[in-house]
$ cat work.txt   # compact mmCIF, C-alpha atoms
# COMPACT_ATOMS: atom_id res chain seq x y z
CA MET N 1 -7.24 -51.96 -2.00
CA THR N 2 -10.84 -52.49 -3.04
CA GLN N 3 -13.02 -50.01 -4.82
CA GLY N 4 -15.50 -48.39 -2.42
CA LEU N 5 -19.09 -47.71 -3.43
CA HIS N 6 -21.45 -44.87 -2.63
CA PRO N 7 -24.33 -46.06 -0.38
CA LEU N 8 -26.83 -45.72 -3.25
CA ALA N 9 -24.58 -47.86 -5.47
CA ARG N 10 -24.34 -50.46 -2.68
CA ILE N 11 -28.13 -50.52 -2.43
CA ALA N 12 -28.48 -50.94 -6.21
CA GLY N 13 -25.67 -53.53 -6.11
CA ASN N 14 -26.27 -56.25 -8.66
CA ALA N 15 -29.84 -55.13 -9.22
CA GLY N 16 -31.14 -54.36 -12.66
CA PRO N 17 -31.12 -51.11 -14.60
CA GLY N 18 -34.30 -49.83 -12.94
CA ALA N 19 -32.63 -49.79 -9.52
CA TRP N 20 -29.55 -48.12 -10.97
CA ARG N 21 -31.72 -45.53 -12.72
CA LEU N 22 -33.48 -44.76 -9.44
CA ALA N 23 -30.16 -44.58 -7.58
CA GLY N 24 -28.76 -42.22 -10.23
CA ASN N 25 -31.80 -39.98 -9.99
CA LEU N 26 -31.47 -39.82 -6.19
CA TRP N 27 -27.68 -39.37 -6.15
CA PRO N 28 -27.21 -35.84 -4.76
CA PRO N 29 -24.58 -34.57 -7.26
CA LEU N 30 -26.90 -35.41 -10.17
CA LEU N 31 -30.19 -34.65 -8.42
CA PHE N 32 -29.15 -31.15 -7.38
CA ALA N 33 -27.53 -30.42 -10.75
CA GLY N 34 -30.90 -31.05 -12.47
CA VAL N 35 -29.67 -34.23 -14.17
CA ARG N 36 -32.05 -37.14 -14.73
CA VAL N 37 -31.24 -40.67 -15.83
CA GLU N 38 -33.88 -41.46 -18.45
CA ARG N 39 -32.80 -44.92 -19.53
CA ILE N 40 -30.29 -47.63 -18.68
CA ALA N 41 -30.37 -50.65 -21.00
CA ALA N 42 -30.74 -54.11 -19.51
CA ASP N 43 -27.15 -54.95 -20.53
CA PHE N 44 -25.79 -51.63 -19.16
CA ARG N 45 -24.39 -50.72 -22.58
CA HIS N 46 -26.67 -47.79 -23.37
CA VAL N 47 -27.55 -44.88 -21.07
CA ARG N 48 -29.56 -41.76 -21.84
CA ILE N 49 -29.29 -38.67 -19.61
CA ARG N 50 -31.35 -35.47 -19.58
CA LEU N 51 -30.55 -32.04 -18.16
CA ALA N 52 -33.66 -29.96 -17.60
CA LYS N 53 -33.70 -26.27 -18.49
CA SER N 54 -34.79 -24.26 -15.47
CA PRO N 55 -33.65 -21.33 -13.34
CA LEU N 56 -31.92 -23.90 -11.10
CA THR N 57 -29.75 -25.20 -13.97
CA ALA N 58 -29.01 -21.85 -15.62
CA ASN N 59 -25.84 -19.79 -15.41
CA MET N 60 -25.78 -16.00 -15.05
CA PHE N 61 -26.56 -15.59 -18.76
CA GLY N 62 -29.65 -17.81 -18.64
CA THR N 63 -28.08 -20.70 -20.55
CA GLN N 64 -27.31 -24.15 -19.17
CA PHE N 65 -24.65 -24.12 -16.45
CA GLY N 66 -21.44 -25.74 -17.71
CA GLY N 67 -20.87 -27.56 -14.42
CA SER N 68 -24.23 -29.30 -14.77
CA MET N 69 -23.35 -30.28 -18.35
CA PHE N 70 -20.09 -31.78 -17.12
CA ALA N 71 -21.85 -33.50 -14.20
CA MET N 72 -24.37 -35.13 -16.52
CA THR N 73 -21.53 -37.09 -18.14
CA ASP N 74 -19.53 -37.92 -15.03
CA PRO N 75 -20.31 -41.40 -13.67
CA PHE N 76 -21.71 -43.28 -16.63
CA TRP N 77 -18.71 -44.70 -18.50
CA VAL N 78 -17.33 -46.05 -15.22
CA MET N 79 -20.71 -47.52 -14.21
CA MET N 80 -21.21 -49.14 -17.61
CA LEU N 81 -17.70 -50.63 -17.68
CA THR N 82 -17.92 -51.82 -14.09
CA ARG N 83 -21.17 -53.65 -14.80
CA ASN N 84 -19.89 -55.14 -18.09
CA LEU N 85 -16.41 -56.19 -16.93
CA GLY N 86 -17.57 -57.66 -13.63
CA PRO N 87 -16.17 -57.69 -10.09
CA GLY N 88 -12.63 -58.72 -11.01
CA TYR N 89 -11.71 -55.22 -12.25
CA THR N 90 -10.98 -51.82 -10.78
CA VAL N 91 -12.49 -49.03 -12.87
CA TRP N 92 -11.90 -45.31 -12.21
CA ASP N 93 -12.19 -42.01 -14.00
CA ARG N 94 -8.68 -40.82 -14.78
CA ARG N 95 -9.08 -37.62 -16.78
CA ALA N 96 -11.84 -35.54 -18.34
CA GLU N 97 -12.21 -32.57 -20.63
CA ILE N 98 -15.12 -30.63 -22.06
CA GLU N 99 -15.40 -28.45 -25.15
CA PHE N 100 -18.32 -26.04 -25.09
CA VAL N 101 -19.51 -25.68 -28.68
CA LYS N 102 -22.50 -23.37 -28.26
CA PRO N 103 -24.77 -22.15 -25.44
CA GLY N 104 -27.31 -24.66 -24.19
CA ARG N 105 -30.65 -22.85 -24.35
CA THR N 106 -33.00 -25.87 -24.12
CA VAL N 107 -33.21 -29.23 -22.40
CA LEU N 108 -30.02 -31.20 -23.09
CA THR N 109 -29.41 -34.91 -23.55
CA ALA N 110 -26.39 -37.18 -23.65
CA GLU N 111 -26.21 -40.80 -24.73
CA PHE N 112 -23.55 -43.34 -23.85
CA VAL N 113 -23.13 -46.47 -25.97
CA LEU N 114 -20.61 -49.16 -25.03
CA SER N 115 -20.07 -51.94 -27.55
CA GLU N 116 -19.32 -55.56 -26.72
CA ALA N 117 -16.17 -55.21 -28.84
CA GLU N 118 -14.92 -52.36 -26.60
CA VAL N 119 -15.59 -54.43 -23.48
CA GLU N 120 -13.70 -57.40 -24.92
CA GLU N 121 -10.77 -55.22 -26.05
CA ILE N 122 -10.43 -53.72 -22.58
CA ARG N 123 -10.74 -57.15 -20.95
CA ALA N 124 -7.99 -58.52 -23.23
CA GLU N 125 -5.69 -55.53 -22.59
CA ALA N 126 -6.19 -55.83 -18.82
CA GLU N 127 -5.59 -59.59 -18.71
CA SER N 128 -1.88 -59.18 -17.96
CA GLY N 129 -2.66 -57.14 -14.83
CA GLY N 130 -1.41 -53.84 -16.21
CA LYS N 131 -3.45 -50.69 -16.38
CA VAL N 132 -5.60 -49.86 -19.38
CA LEU N 133 -6.37 -46.23 -20.19
CA ARG N 134 -9.25 -45.75 -22.63
CA TRP N 135 -10.86 -42.53 -23.90
CA PHE N 136 -14.62 -42.31 -24.39
CA ASP N 137 -16.41 -39.46 -26.19
CA THR N 138 -19.88 -38.12 -25.47
CA GLU N 139 -21.80 -35.37 -27.21
CA ILE N 140 -24.30 -33.24 -25.33
CA ARG N 141 -27.14 -32.20 -27.63
CA ASP N 142 -29.96 -29.70 -27.41
CA ARG N 143 -33.64 -30.31 -28.18
CA ASP N 144 -32.99 -29.86 -31.93
CA GLY N 145 -30.10 -32.36 -31.92
CA ALA N 146 -27.37 -29.73 -32.27
CA VAL N 147 -24.12 -30.42 -30.40
CA VAL N 148 -23.76 -28.07 -27.43
CA ALA N 149 -20.67 -29.68 -25.87
CA ARG N 150 -18.26 -32.57 -26.40
CA VAL N 151 -16.95 -34.43 -23.38
CA ARG N 152 -13.98 -36.80 -23.34
CA LYS N 153 -13.42 -39.09 -20.39
CA GLN N 154 -10.36 -41.24 -19.85
CA VAL N 155 -11.13 -44.35 -17.83
CA TYR N 156 -8.56 -46.45 -15.95
CA VAL N 157 -9.14 -50.21 -15.85
CA ARG N 158 -7.01 -52.83 -14.14
CA ARG N 159 -7.65 -56.51 -13.52
CA ARG N 160 -7.49 -57.14 -9.81
CA LYS N 161 -5.04 -59.60 -8.37
CA PRO N 162 -6.68 -62.76 -7.00
CA SER N 163 -6.14 -61.51 -3.44
CA GLU N 164 -8.03 -58.26 -4.26
CA ARG N 165 -11.06 -59.83 -5.94
CA GLN N 166 -14.38 -59.77 -4.16
$ encode --input "work.txt" --output "structure tokens"
Amino acid sequence: MTQGLHPLARIAGNAGPGAWRLAGNLWPPLLFAGVRVERIAADFRHVRIRLAKSPLTANMFGTQFGGSMFAMTDPFWVMMLTRNLGPGYTVWDRRAEIEFVKPGRTVLTAEFVLSEAEVEEIRAEAESGGKVLRWFDTEIRDRDGAVVARVRKQVYVRRRKPSERQ
């Protein structure tokens, strides 16, 4: 079984970070949640996301809606790993959890940083063909830099068999 791609991801394909940034900003689950991709590094190892503060992103108490905070962290670890590992790997989200630390009353940001060492560790663990489960942590911060929420994502990685590789 091969990993299917959203039409916007197929359009961005092997294009650079600018195309992926545009695709992320047009992707309906992020677009309608008020999430904007501000930056994707050329090597796809650093991503910066912004959640605007507006009536469209607020909950009933006027603070940032928790679902939008969770959405702003959803696809990025998988996208970064997929681009860094290459086409010979299946990469999926496996599990996620969020801890709300304090109400988000301003614009929020999240940054994702993937090191070359992490990529190489995952590649080495997956070499035998077994599954690799790796946790990644992301902090969502307000305009003053205070942590508003902590998100943990567990990502599944498996090296594809030669018959499955694209």
$ closest_residue --input "work.txt" --among "N:Arg123, N:Arg143, N:Arg50, N:Lys102" --to "Thr90 of chain N" --atoms "all atoms listed in the file"
N:Arg123
$ closest_atom_pairs --input "work.txt" --of "segment 50-113 of chain N" --to "segment 29-33 of chain N" --cutoff "10 Å" --atoms "only C-alpha atoms" --output "tab-separated table"
residue	atom	partner	partner_atom	distance
N:Leu51	CA	N:Ala33	CA	8.2
N:Ala52	CA	N:Ala33	CA	9.2
N:Leu56	CA	N:Ala33	CA	7.9
N:Thr57	CA	N:Ala33	CA	6.5
N:Ala58	CA	N:Ala33	CA	10.0
N:Phe65	CA	N:Ala33	CA	9.0
N:Gly67	CA	N:Ala33	CA	8.1
N:Ser68	CA	N:Ala33	CA	5.3
N:Met69	CA	N:Ala33	CA	8.7
N:Phe70	CA	N:Ala33	CA	9.9
N:Ala71	CA	N:Leu30	CA	6.7
N:Met72	CA	N:Leu30	CA	6.8
N:Thr73	CA	N:Leu30	CA	9.8
N:Asp74	CA	N:Leu30	CA	9.2
N:Pro75	CA	N:Leu30	CA	9.6
$ atom_distance --input "work.txt" --atom1 "atom CA of Glu38 of chain N" --atom2 "atom CA of Glu118 of chain N"
23.3 Å
$ atom_distance --input "work.txt" --atom1 "atom CA of Ile122 of chain N" --atom2 "atom CA of Leu85 of chain N"
8.6 Å
$ atom_distance --input "work.txt" --atom1 "atom CA of Glu127 of chain N" --atom2 "atom CA of Lys161 of chain N"
10.4 Å
$ residues_around --input "work.txt" --residues "Arg95 of chain N" --least-positions-apart "4" --cutoff "8 Å" --atoms "only C-alpha atoms" --output "list of chain:residue names"
N:Lys153, N:Gln154, N:Val155
$ closest_residue --input "work.txt" --among "N:Asp43, N:Glu111, N:Glu139, N:Glu97" --to "Leu81 of chain N" --atoms "all atoms listed in the file"
N:Asp43
$ residues_around --input "work.txt" --residues "Glu99 of chain N" --least-positions-apart "6" --cutoff "7 Å" --atoms "only C-alpha atoms" --output "list in words"
Ala149, Arg150 and Val151 of chain N
$ write_last_selection --input "work.txt" --atoms "C-alpha atoms" --output "mmCIF file, keeping the file's coordinate frame"
data_model
loop_
_atom_site.group_PDB
_atom_site.id
_atom_site.type_symbol
_atom_site.label_atom_id
_atom_site.label_comp_id
_atom_site.auth_asym_id
_atom_site.auth_seq_id
_atom_site.Cartn_x
_atom_site.Cartn_y
_atom_site.Cartn_z
ATOM 1 C CA ALA N 149 -20.670 -29.680 -25.870
ATOM 2 C CA ARG N 150 -18.260 -32.570 -26.400
ATOM 3 C CA VAL N 151 -16.950 -34.430 -23.380
#
$ residues_near_point --input "work.txt" --point "(-8.6, -44.0, -16.7)" --cutoff "12 Å" --atoms "all atoms listed in the file" --output "PyMOL selection string"
chain N and resi 77-78+81+90-96+122+131-136+152-158
$ closest_residue --input "work.txt" --among "N:Ala23, N:Met80, N:Ala117, N:Val148" --to "Phe44 of chain N" --atoms "only C-alpha atoms"
N:Met80
$ residues_around --input "work.txt" --residues "Gly16 of chain N" --least-positions-apart "6" --cutoff "12 Å" --atoms "only C-alpha atoms" --output "PyMOL selection string"
chain N and resi 9+22-23+39-44+83
$ closest_residue --input "work.txt" --among "N:Gly62, N:Gly34, N:Pro162, N:Pro17" --to "Gly129 of chain N" --atoms "only C-alpha atoms"
N:Pro162
$ closest_residue --input "work.txt" --among "N:Thr138, N:Thr63, N:Ser115, N:Asn14" --to "Ile49 of chain N" --atoms "all atoms listed in the file"
N:Thr138
$ closest_residue --input "work.txt" --among "N:Asn59, N:Ser128, N:Ser54, N:Thr82" --to "Pro103 of chain N" --atoms "only C-alpha atoms"
N:Asn59
$ residues_around --input "work.txt" --residues "Glu116 of chain N" --least-positions-apart "5" --cutoff "9 Å" --atoms "all atoms listed in the file" --output "PyMOL selection string"
chain N and resi 45+84+121
$ decode --input "work.txt" --residues "segment 42-149 of chain N" --atoms "C-alpha atoms" --output "PDB file, in the first residue's frame"
ATOM      1  CA  ALA N  42      14.978  25.170   2.398  1.00  0.00           C
ATOM      2  CA  ASP N  43      16.001  21.837   3.968  1.00  0.00           C
ATOM      3  CA  PHE N  44      12.512  21.262   5.470  1.00  0.00           C
ATOM      4  CA  ARG N  45      13.982  21.051   8.982  1.00  0.00           C
ATOM      5  CA  HIS N  46      12.493  24.235  10.414  1.00  0.00           C
ATOM      6  CA  VAL N  47       8.868  25.383  10.171  1.00  0.00           C
ATOM      7  CA  ARG N  48       7.197  28.371  11.814  1.00  0.00           C
ATOM      8  CA  ILE N  49       3.395  28.528  12.146  1.00  0.00           C
ATOM      9  CA  ARG N  50       1.146  31.394  13.244  1.00  0.00           C
ATOM     10  CA  LEU N  51      -2.417  31.362  14.565  1.00  0.00           C
ATOM     11  CA  ALA N  52      -4.105  34.735  14.226  1.00  0.00           C
ATOM     12  CA  LYS N  53      -6.262  36.092  17.038  1.00  0.00           C
ATOM     13  CA  SER N  54      -9.673  37.003  15.659  1.00  0.00           C
ATOM     14  CA  PRO N  55     -13.363  36.335  16.300  1.00  0.00           C
ATOM     15  CA  LEU N  56     -13.054  33.438  13.834  1.00  0.00           C
ATOM     16  CA  THR N  57     -10.356  31.711  15.924  1.00  0.00           C
ATOM     17  CA  ALA N  58     -11.827  32.433  19.366  1.00  0.00           C
ATOM     18  CA  ASN N  59     -13.749  30.081  21.625  1.00  0.00           C
ATOM     19  CA  MET N  60     -16.824  31.088  23.630  1.00  0.00           C
ATOM     20  CA  PHE N  61     -14.620  32.804  26.229  1.00  0.00           C
ATOM     21  CA  GLY N  62     -12.800  34.953  23.673  1.00  0.00           C
ATOM     22  CA  THR N  63      -9.495  33.075  23.911  1.00  0.00           C
ATOM     23  CA  GLN N  64      -7.896  30.992  21.175  1.00  0.00           C
ATOM     24  CA  PHE N  65      -9.920  27.907  20.253  1.00  0.00           C
ATOM     25  CA  GLY N  66      -8.118  24.746  21.395  1.00  0.00           C
ATOM     26  CA  GLY N  67      -8.982  22.899  18.185  1.00  0.00           C
ATOM     27  CA  SER N  68      -7.184  25.557  16.143  1.00  0.00           C
ATOM     28  CA  MET N  69      -4.162  25.285  18.448  1.00  0.00           C
ATOM     29  CA  PHE N  70      -4.105  21.536  17.904  1.00  0.00           C
ATOM     30  CA  ALA N  71      -4.613  21.955  14.145  1.00  0.00           C
ATOM     31  CA  MET N  72      -1.665  24.336  13.887  1.00  0.00           C
ATOM     32  CA  THR N  73       0.649  21.499  14.952  1.00  0.00           C
ATOM     33  CA  ASP N  74      -0.935  18.666  12.993  1.00  0.00           C
ATOM     34  CA  PRO N  75       0.822  18.019   9.672  1.00  0.00           C
ATOM     35  CA  PHE N  76       4.283  19.435  10.142  1.00  0.00           C
ATOM     36  CA  TRP N  77       6.350  16.669  11.763  1.00  0.00           C
ATOM     37  CA  VAL N  78       5.091  14.216   9.139  1.00  0.00           C
ATOM     38  CA  MET N  79       5.777  16.654   6.285  1.00  0.00           C
ATOM     39  CA  MET N  80       9.274  17.427   7.562  1.00  0.00           C
ATOM     40  CA  LEU N  81      10.165  13.751   8.045  1.00  0.00           C
ATOM     41  CA  THR N  82       8.699  12.744   4.696  1.00  0.00           C
ATOM     42  CA  ARG N  83      10.785  15.359   2.899  1.00  0.00           C
ATOM     43  CA  ASN N  84      13.972  14.504   4.840  1.00  0.00           C
ATOM     44  CA  LEU N  85      13.721  10.701   4.709  1.00  0.00           C
ATOM     45  CA  GLY N  86      12.731  10.545   1.040  1.00  0.00           C
ATOM     46  CA  PRO N  87      10.305   8.420  -0.972  1.00  0.00           C
ATOM     47  CA  GLY N  88      11.415   5.046   0.406  1.00  0.00           C
ATOM     48  CA  TYR N  89       9.547   5.559   3.708  1.00  0.00           C
ATOM     49  CA  THR N  90       5.978   5.560   4.945  1.00  0.00           C
ATOM     50  CA  VAL N  91       5.387   8.293   7.521  1.00  0.00           C
ATOM     51  CA  TRP N  92       2.129   8.717   9.470  1.00  0.00           C
ATOM     52  CA  ASP N  93       0.868  10.403  12.594  1.00  0.00           C
ATOM     53  CA  ARG N  94       0.223   7.708  15.171  1.00  0.00           C
ATOM     54  CA  ARG N  95      -0.808   9.512  18.341  1.00  0.00           C
ATOM     55  CA  ALA N  96      -1.129  13.065  19.647  1.00  0.00           C
ATOM     56  CA  GLU N  97      -1.802  14.841  22.899  1.00  0.00           C
ATOM     57  CA  ILE N  98      -2.086  18.451  23.978  1.00  0.00           C
ATOM     58  CA  GLU N  99      -1.647  20.092  27.362  1.00  0.00           C
ATOM     59  CA  PHE N 100      -3.269  23.513  27.652  1.00  0.00           C
ATOM     60  CA  VAL N 101      -1.070  25.564  29.979  1.00  0.00           C
ATOM     61  CA  LYS N 102      -2.847  28.926  29.925  1.00  0.00           C
ATOM     62  CA  PRO N 103      -5.438  30.724  27.783  1.00  0.00           C
ATOM     63  CA  GLY N 104      -4.199  32.022  24.453  1.00  0.00           C
ATOM     64  CA  ARG N 105      -5.183  35.687  24.383  1.00  0.00           C
ATOM     65  CA  THR N 106      -2.902  36.893  21.549  1.00  0.00           C
ATOM     66  CA  VAL N 107      -1.517  35.666  18.254  1.00  0.00           C
ATOM     67  CA  LEU N 108       0.168  32.284  18.784  1.00  0.00           C
ATOM     68  CA  THR N 109       3.193  30.704  17.142  1.00  0.00           C
ATOM     69  CA  ALA N 110       4.727  27.255  16.998  1.00  0.00           C
ATOM     70  CA  GLU N 111       8.134  26.243  15.702  1.00  0.00           C
ATOM     71  CA  PHE N 112       9.242  22.811  14.570  1.00  0.00           C
ATOM     72  CA  VAL N 113      12.950  21.969  14.378  1.00  0.00           C
ATOM     73  CA  LEU N 114      14.141  18.605  13.064  1.00  0.00           C
ATOM     74  CA  SER N 115      17.842  17.860  13.425  1.00  0.00           C
ATOM     75  CA  GLU N 116      19.936  15.878  10.968  1.00  0.00           C
ATOM     76  CA  ALA N 117      20.836  13.575  13.875  1.00  0.00           C
ATOM     77  CA  GLU N 118      17.131  12.754  14.424  1.00  0.00           C
ATOM     78  CA  VAL N 119      16.672  12.015  10.728  1.00  0.00           C
ATOM     79  CA  GLU N 120      19.696   9.707  10.708  1.00  0.00           C
ATOM     80  CA  GLU N 121      18.588   7.927  13.902  1.00  0.00           C
ATOM     81  CA  ILE N 122      15.153   7.251  12.440  1.00  0.00           C
ATOM     82  CA  ARG N 123      16.658   6.117   9.133  1.00  0.00           C
ATOM     83  CA  ALA N 124      18.978   3.698  10.979  1.00  0.00           C
ATOM     84  CA  GLU N 125      16.143   2.330  13.151  1.00  0.00           C
ATOM     85  CA  ALA N 126      13.917   1.813  10.102  1.00  0.00           C
ATOM     86  CA  GLU N 127      16.604   0.091   8.020  1.00  0.00           C
ATOM     87  CA  SER N 128      15.515  -3.390   9.124  1.00  0.00           C
ATOM     88  CA  GLY N 129      11.985  -2.781   7.801  1.00  0.00           C
ATOM     89  CA  GLY N 130      10.341  -2.618  11.214  1.00  0.00           C
ATOM     90  CA  LYS N 131       8.251   0.269  12.430  1.00  0.00           C
ATOM     91  CA  VAL N 132       9.783   3.205  14.258  1.00  0.00           C
ATOM     92  CA  LEU N 133       7.662   5.209  16.697  1.00  0.00           C
ATOM     93  CA  ARG N 134       9.133   8.589  17.634  1.00  0.00           C
ATOM     94  CA  TRP N 135       7.696  11.341  19.843  1.00  0.00           C
ATOM     95  CA  PHE N 136       8.137  15.001  18.911  1.00  0.00           C
ATOM     96  CA  ASP N 137       7.338  17.939  21.210  1.00  0.00           C
ATOM     97  CA  THR N 138       6.128  21.382  20.188  1.00  0.00           C
ATOM     98  CA  GLU N 139       5.377  24.400  22.335  1.00  0.00           C
ATOM     99  CA  ILE N 140       2.738  26.911  21.314  1.00  0.00           C
ATOM    100  CA  ARG N 141       3.697  30.388  22.504  1.00  0.00           C
ATOM    101  CA  ASP N 142       1.898  33.702  22.770  1.00  0.00           C
ATOM    102  CA  ARG N 143       3.144  37.095  21.580  1.00  0.00           C
ATOM    103  CA  ASP N 144       5.234  37.508  24.767  1.00  0.00           C
ATOM    104  CA  GLY N 145       6.875  34.086  24.365  1.00  0.00           C
ATOM    105  CA  ALA N 146       4.933  32.436  27.193  1.00  0.00           C
ATOM    106  CA  VAL N 147       3.963  28.790  26.664  1.00  0.00           C
ATOM    107  CA  VAL N 148       0.218  28.469  26.073  1.00  0.00           C
ATOM    108  CA  ALA N 149       0.154  24.766  25.173  1.00  0.00           C
TER     109      ALA N 149
END
